[in-house]
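Below: data.pdb (PDB, C-alpha atoms)
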```pdb
MODEL        1
ATOM      1  CA  MET D   1     -19.556 240.983 192.757
ATOM      2  CA  LYS D   2     -19.670 240.528 189.004
ATOM      3  CA  PRO D   3     -16.509 241.101 186.931
ATOM      4  CA  TYR D   4     -18.375 243.106 184.337
ATOM      5  CA  ASP D   5     -19.266 245.714 186.959
ATOM      6  CA  PHE D   6     -15.738 247.101 186.856
ATOM      7  CA  LYS D   7     -14.817 250.129 184.798
ATOM      8  CA  TRP D   8     -11.679 248.767 183.104
ATOM      9  CA  THR D   9     -10.994 245.249 184.376
ATOM     10  CA  LYS D  10     -12.465 242.090 182.876
ATOM     11  CA  ILE D  11     -12.176 238.307 183.156
ATOM     12  CA  TYR D  12     -12.564 236.313 179.927
ATOM     13  CA  ASP D  13     -14.467 233.105 179.297
ATOM     14  CA  SER D  14     -13.109 232.958 175.749
ATOM     15  CA  ASN D  15     -10.654 234.844 173.578
ATOM     16  CA  SER D  16     -13.462 236.285 171.470
ATOM     17  CA  ASP D  17     -14.776 238.153 174.544
ATOM     18  CA  LEU D  18     -12.043 240.777 174.043
ATOM     19  CA  GLN D  19     -13.650 241.795 170.786
ATOM     20  CA  GLY D  20     -15.894 244.814 170.819
ATOM     21  CA  THR D  21     -14.686 248.263 171.749
ATOM     22  CA  TYR D  22     -11.046 247.203 171.842
ATOM     23  CA  HIS D  23     -11.011 244.394 169.274
ATOM     24  CA  GLU D  24      -7.800 245.795 167.760
ATOM     25  CA  LEU D  25      -5.983 244.970 171.024
ATOM     26  CA  LEU D  26      -6.560 241.249 170.548
ATOM     27  CA  PRO D  27      -3.005 239.911 170.327
ATOM     28  CA  ASP D  28      -1.861 237.229 167.930
ATOM     29  CA  LEU D  29      -2.262 234.203 170.143
ATOM     30  CA  ALA D  30      -0.246 231.003 170.045
ATOM     31  CA  GLU D  31      -2.020 227.673 169.818
ATOM     32  CA  ASN D  32      -3.781 226.946 173.134
ATOM     33  CA  GLU D  33      -3.035 230.458 174.452
ATOM     34  CA  LEU D  34      -6.026 231.913 176.260
ATOM     35  CA  ILE D  35      -6.777 235.417 177.504
ATOM     36  CA  ILE D  36      -7.289 235.336 181.281
ATOM     37  CA  CYS D  37      -7.994 238.932 182.264
ATOM     38  CA  SER D  38      -7.214 242.534 181.400
ATOM     39  CA  THR D  39      -7.256 246.099 182.576
ATOM     40  CA  ILE D  40      -7.904 248.310 179.557
ATOM     41  CA  ILE D  41      -7.997 252.028 180.258
ATOM     42  CA  ASP D  42      -7.729 253.098 176.631
ATOM     43  CA  ILE D  43      -6.008 252.124 173.372
ATOM     44  CA  ASP D  44      -2.605 253.341 174.647
ATOM     45  CA  ASN D  45      -2.816 252.159 178.271
ATOM     46  CA  TYR D  46      -3.681 248.558 179.081
ATOM     47  CA  SER D  47      -2.510 245.200 180.378
ATOM     48  CA  ILE D  48      -3.668 241.839 179.035
ATOM     49  CA  LEU D  49      -2.764 238.607 180.831
ATOM     50  CA  THR D  50      -2.817 235.375 178.825
ATOM     51  CA  THR D  51      -1.905 231.841 179.789
ATOM     52  CA  GLN D  52       1.549 232.446 178.282
ATOM     53  CA  ARG D  53       2.437 236.116 178.684
ATOM     54  CA  LEU D  54       1.718 239.576 180.017
ATOM     55  CA  ILE D  55       1.191 242.402 177.547
ATOM     56  CA  THR D  56       1.293 245.991 178.805
ATOM     57  CA  LYS D  57       1.046 249.148 176.780
ATOM     58  CA  GLU D  58       1.746 252.340 178.703
ATOM     59  CA  LYS D  59       1.537 255.732 177.018
ATOM     60  CA  GLY D  60       1.668 253.999 173.630
ATOM     61  CA  THR D  61       4.746 251.858 174.340
ATOM     62  CA  GLU D  62       4.049 248.121 174.369
ATOM     63  CA  ASN D  63       5.988 245.575 176.411
ATOM     64  CA  VAL D  64       5.449 241.832 176.233
ATOM     65  CA  GLY D  65       6.856 239.420 178.781
ATOM     66  CA  ASN D  66       6.780 235.657 179.169
ATOM     67  CA  LEU D  67       5.931 234.943 182.817
ATOM     68  CA  THR D  68       7.712 231.567 182.913
ATOM     69  CA  GLY D  69      10.217 231.895 185.749
ATOM     70  CA  ALA D  70       8.961 235.389 186.651
ATOM     71  CA  THR D  71       8.701 236.671 190.216
ATOM     72  CA  ASP D  72       6.084 238.936 191.789
ATOM     73  CA  LYS D  73       7.688 242.128 193.037
ATOM     74  CA  LEU D  74       4.847 244.559 193.758
ATOM     75  CA  TYR D  75       1.071 244.428 193.807
ATOM     76  CA  GLY D  76       0.507 248.124 193.350
ATOM     77  CA  ASP D  77       0.795 251.165 195.569
ATOM     78  CA  PHE D  78      -2.601 251.682 197.179
ATOM     79  CA  LYS D  79      -1.586 253.750 200.199
ATOM     80  CA  GLY D  80      -2.150 257.450 199.723
ATOM     81  CA  HIS D  81      -3.708 256.840 196.290
ATOM     82  CA  LYS D  82      -7.316 256.563 197.418
ATOM     83  CA  ASP D  83      -8.551 258.836 194.652
ATOM     84  CA  ASP D  84      -6.466 257.272 191.869
ATOM     85  CA  SER D  85      -8.291 254.985 189.434
ATOM     86  CA  PHE D  86      -5.313 252.720 188.780
ATOM     87  CA  THR D  87      -1.898 251.755 190.033
ATOM     88  CA  PHE D  88       0.823 249.422 188.756
ATOM     89  CA  GLY D  89       1.892 245.936 189.713
ATOM     90  CA  LEU D  90       5.404 244.775 188.965
ATOM     91  CA  VAL D  91       6.898 241.428 188.005
ATOM     92  CA  GLN D  92      10.518 240.566 187.402
ATOM     93  CA  LEU D  93      10.971 238.448 184.307
ATOM     94  CA  ILE D  94      13.499 235.603 184.248
ATOM     95  CA  SER D  95      15.815 237.911 182.269
ATOM     96  CA  GLY D  96      15.937 240.274 185.275
ATOM     97  CA  VAL D  97      13.863 242.935 183.537
ATOM     98  CA  ASP D  98      11.067 244.510 185.587
ATOM     99  CA  MET D  99       7.693 244.728 183.858
ATOM    100  CA  LYS D 100       4.767 246.849 185.024
ATOM    101  CA  TYR D 101       1.097 246.013 184.619
ATOM    102  CA  PHE D 102      -2.022 248.079 185.183
ATOM    103  CA  ILE D 103      -4.229 247.401 188.201
ATOM    104  CA  GLU D 104      -7.602 249.095 188.547
ATOM    105  CA  THR D 105      -7.988 250.220 192.161
ATOM    106  CA  GLY D 106     -10.800 249.082 194.429
ATOM    107  CA  LYS D 107     -12.367 245.618 194.321
ATOM    108  CA  ALA D 108     -11.252 245.167 190.701
ATOM    109  CA  SER D 109      -7.602 245.167 191.805
ATOM    110  CA  MET D 110      -7.765 241.542 192.867
ATOM    111  CA  ILE D 111      -8.433 240.317 189.326
ATOM    112  CA  MET D 112      -5.079 241.330 187.845
ATOM    113  CA  ILE D 113      -3.184 240.669 191.091
ATOM    114  CA  TYR D 114      -4.548 237.139 191.509
ATOM    115  CA  GLY D 115      -4.368 236.467 187.777
ATOM    116  CA  VAL D 116      -0.644 237.239 187.677
ATOM    117  CA  ARG D 117       0.058 235.489 191.005
ATOM    118  CA  THR D 118      -1.830 232.375 189.956
ATOM    119  CA  LEU D 119      -0.152 232.141 186.557
ATOM    120  CA  ILE D 120       3.332 232.553 188.042
ATOM    121  CA  GLY D 121       2.556 230.046 190.807
ATOM    122  CA  ALA D 122       1.036 227.482 188.441
ATOM    123  CA  GLN D 123       4.098 227.575 186.213
ATOM    124  CA  ARG D 124       6.230 226.511 189.178
ATOM    125  CA  MET D 125       4.017 223.502 189.967
ATOM    126  CA  THR D 126       4.714 219.964 188.894
ATOM    127  CA  ASP D 127       2.083 217.993 186.964
ATOM    128  CA  PRO D 128       1.074 215.952 190.047
ATOM    129  CA  GLN D 129       0.641 219.185 192.025
ATOM    130  CA  ILE D 130      -1.519 220.682 189.276
ATOM    131  CA  HIS D 131      -3.701 217.564 189.179
ATOM    132  CA  LYS D 132      -4.087 217.633 192.966
ATOM    133  CA  VAL D 133      -5.105 221.305 192.993
ATOM    134  CA  THR D 134      -7.526 220.718 190.109
ATOM    135  CA  LYS D 135      -9.103 217.775 191.963
ATOM    136  CA  ILE D 136      -9.524 219.845 195.145
ATOM    137  CA  TRP D 137     -10.976 222.762 193.183
ATOM    138  CA  ASN D 138     -13.447 220.487 191.351
ATOM    139  CA  GLN D 139     -14.550 218.888 194.632
ATOM    140  CA  HIS D 140     -15.044 222.352 196.133
ATOM    141  CA  ASN D 141     -17.172 223.445 193.178
ATOM    142  CA  GLU D 142     -19.368 220.331 193.377
ATOM    143  CA  LYS D 143     -20.582 221.272 196.873
TER     144      LYS D 143
ENDMDL
END
```

Kindly present the structure from the file in C-alpha cells form.
Amino acid sequence: MKPYDFKWTKIYDSNSDLQGTYHELLPDLAENELIICSTIIDIDNYSILTTQRLITKEKGTENVGNLTGATDKLYGDFKGHKDDSFTFGLVQLISGVDMKYFIETGKASMIMIYGVRTLIGAQRMTDPQIHKVTKIWNQHNEK
C-alpha cells in the first residue's frame, strides 16, 4: 500500500512536499517543525498534522491546536458510514477544548489516526524512552 494511492491523505517526507495543488495551505512553520501527514479534501476542508500542532479547516473555519498534553477522544465514526468518504477524529486539547480532524475512510484512515496517536504518545515519553524506542525501531529496520 503506497500513501500516494489515497484520494486525500498523504504522508510527507519533507515540508516542500505539500506544495503543488494546495501550496497556499502550507502553514508558517516554526523552526524544526515538520509536516507529518494531512487529509486535504479541498481548500476549505482539511487537516494538517505537524510535529507541533494540528491544523483543521472545516467549511472555511480554521482551528489550530497544540497537541502537547492532548488526549485522544475519538478515531472517527466508521459504523454505518460505509459510503462516506471521510469522518472526523477528535482530540481534547490541554485547555479542555475538543478539536476535530478529518480522516479519509478506508485504508487511508490509519494515517491520520496513527499520526495523531503517535504524536500525542511521543510527547508523553521521557528522553530515555524515546531513545529506547528509536533504537528498537532502527534495529527492526536493519533486518

Worksheet item: Can you tell me, as a PyMOL selection string, what residues are no more than 10 Å from Ile43 of chain D when counting only C-alpha atoms, ignoring any on the same chain fewer than 6 positions away?
Response: chain D and resi 21-22+24-25+57-60

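When all atoms listed in the file are used to compute distances to Thr56 of chain D, the closest of the residues D:Ile103, D:Ile94, D:Ile130, D:Leu119 turns out to be D:Ile103.
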
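Atom CA of Ile120 of chain D is positioned 6.8 Å from atom CA of Thr68 of chain D.
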
Evaluating the PyMOL selection byres ((chain D and resi 27-39) around 9) on the displayed file yields which residues, as an mmCIF file with C-alpha atoms, in the coordinates of the input?
```
data_model
loop_
_atom_site.group_PDB
_atom_site.id
_atom_site.type_symbol
_atom_site.label_atom_id
_atom_site.label_comp_id
_atom_site.auth_asym_id
_atom_site.auth_seq_id
_atom_site.Cartn_x
_atom_site.Cartn_y
_atom_site.Cartn_z
ATOM 1 C CA LYS D 7 -14.817 250.129 184.798
ATOM 2 C CA TRP D 8 -11.679 248.767 183.104
ATOM 3 C CA THR D 9 -10.994 245.249 184.376
ATOM 4 C CA LYS D 10 -12.465 242.090 182.876
ATOM 5 C CA ILE D 11 -12.176 238.307 183.156
ATOM 6 C CA TYR D 12 -12.564 236.313 179.927
ATOM 7 C CA ASP D 13 -14.467 233.105 179.297
ATOM 8 C CA SER D 14 -13.109 232.958 175.749
ATOM 9 C CA ASN D 15 -10.654 234.844 173.578
ATOM 10 C CA ASP D 17 -14.776 238.153 174.544
ATOM 11 C CA LEU D 18 -12.043 240.777 174.043
ATOM 12 C CA GLU D 24 -7.800 245.795 167.760
ATOM 13 C CA LEU D 25 -5.983 244.970 171.024
ATOM 14 C CA LEU D 26 -6.560 241.249 170.548
ATOM 15 C CA ILE D 40 -7.904 248.310 179.557
ATOM 16 C CA ILE D 41 -7.997 252.028 180.258
ATOM 17 C CA ASN D 45 -2.816 252.159 178.271
ATOM 18 C CA TYR D 46 -3.681 248.558 179.081
ATOM 19 C CA SER D 47 -2.510 245.200 180.378
ATOM 20 C CA ILE D 48 -3.668 241.839 179.035
ATOM 21 C CA LEU D 49 -2.764 238.607 180.831
ATOM 22 C CA THR D 50 -2.817 235.375 178.825
ATOM 23 C CA THR D 51 -1.905 231.841 179.789
ATOM 24 C CA GLN D 52 1.549 232.446 178.282
ATOM 25 C CA ARG D 53 2.437 236.116 178.684
ATOM 26 C CA ILE D 55 1.191 242.402 177.547
ATOM 27 C CA TYR D 101 1.097 246.013 184.619
ATOM 28 C CA PHE D 102 -2.022 248.079 185.183
ATOM 29 C CA ILE D 103 -4.229 247.401 188.201
ATOM 30 C CA GLU D 104 -7.602 249.095 188.547
ATOM 31 C CA ILE D 111 -8.433 240.317 189.326
ATOM 32 C CA MET D 112 -5.079 241.330 187.845
ATOM 33 C CA GLY D 115 -4.368 236.467 187.777
#
```

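Against the coordinates shown, the PyMOL selection byres ((chain D and resi 91) around 6) returns Thr71, Asp72, Lys73, Leu90, Gln92, Asp98 and Met99 of chain D.
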
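Each of D:Asn63, D:Ala70, D:Val97, D:His140 was compared to Thr118 of chain D using only C-alpha atoms, and D:Ala70 turns out to be the nearest.
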
Item to complete: Provide the atom CA of Ser95 of chain D to atom CA of Pro128 of chain D distance in Å, to one decimal place.
Response: 27.6 Å

For segment 102-114 of chain D, what centre and edge lengths in Å (one decimal) does the axis-aligned box get once 4 Å is added on each side of all its listed atoms, as AutoDock Vina command-line options?
```
--center_x -7.2 --center_y 243.7 --center_z 189.8 --size_x 18.3 --size_y 21.1 --size_z 17.2
```

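Across the structure, atom CA of Asn141 of chain D and atom CA of Phe6 of chain D are spaced 24.5 Å apart.
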
Discussion item. Using all atoms listed in the file, can you tell me which of D:Gly69, D:Val64, D:Trp137, D:Thr87 comes closest to Met125 of chain D?
Written reply: D:Gly69

Item to complete: Would you please work out which residue, of D:Ser85, D:Glu62, D:Thr126, D:Ser16, is nearest to Lys107 of chain D when using only C-alpha atoms?
Response: D:Ser85

Worksheet item: Between D:Leu54, D:His23, D:Asp127, D:Val133, which one has atoms that come closest to Leu93 of chain D, using only C-alpha atoms?
Response: D:Leu54

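Ranking D:Gly121, D:Val116, D:His131, D:Thr105 by their shortest atom-to-atom distance to Asp83 of chain D, with only C-alpha atoms included, puts D:Thr105 first.
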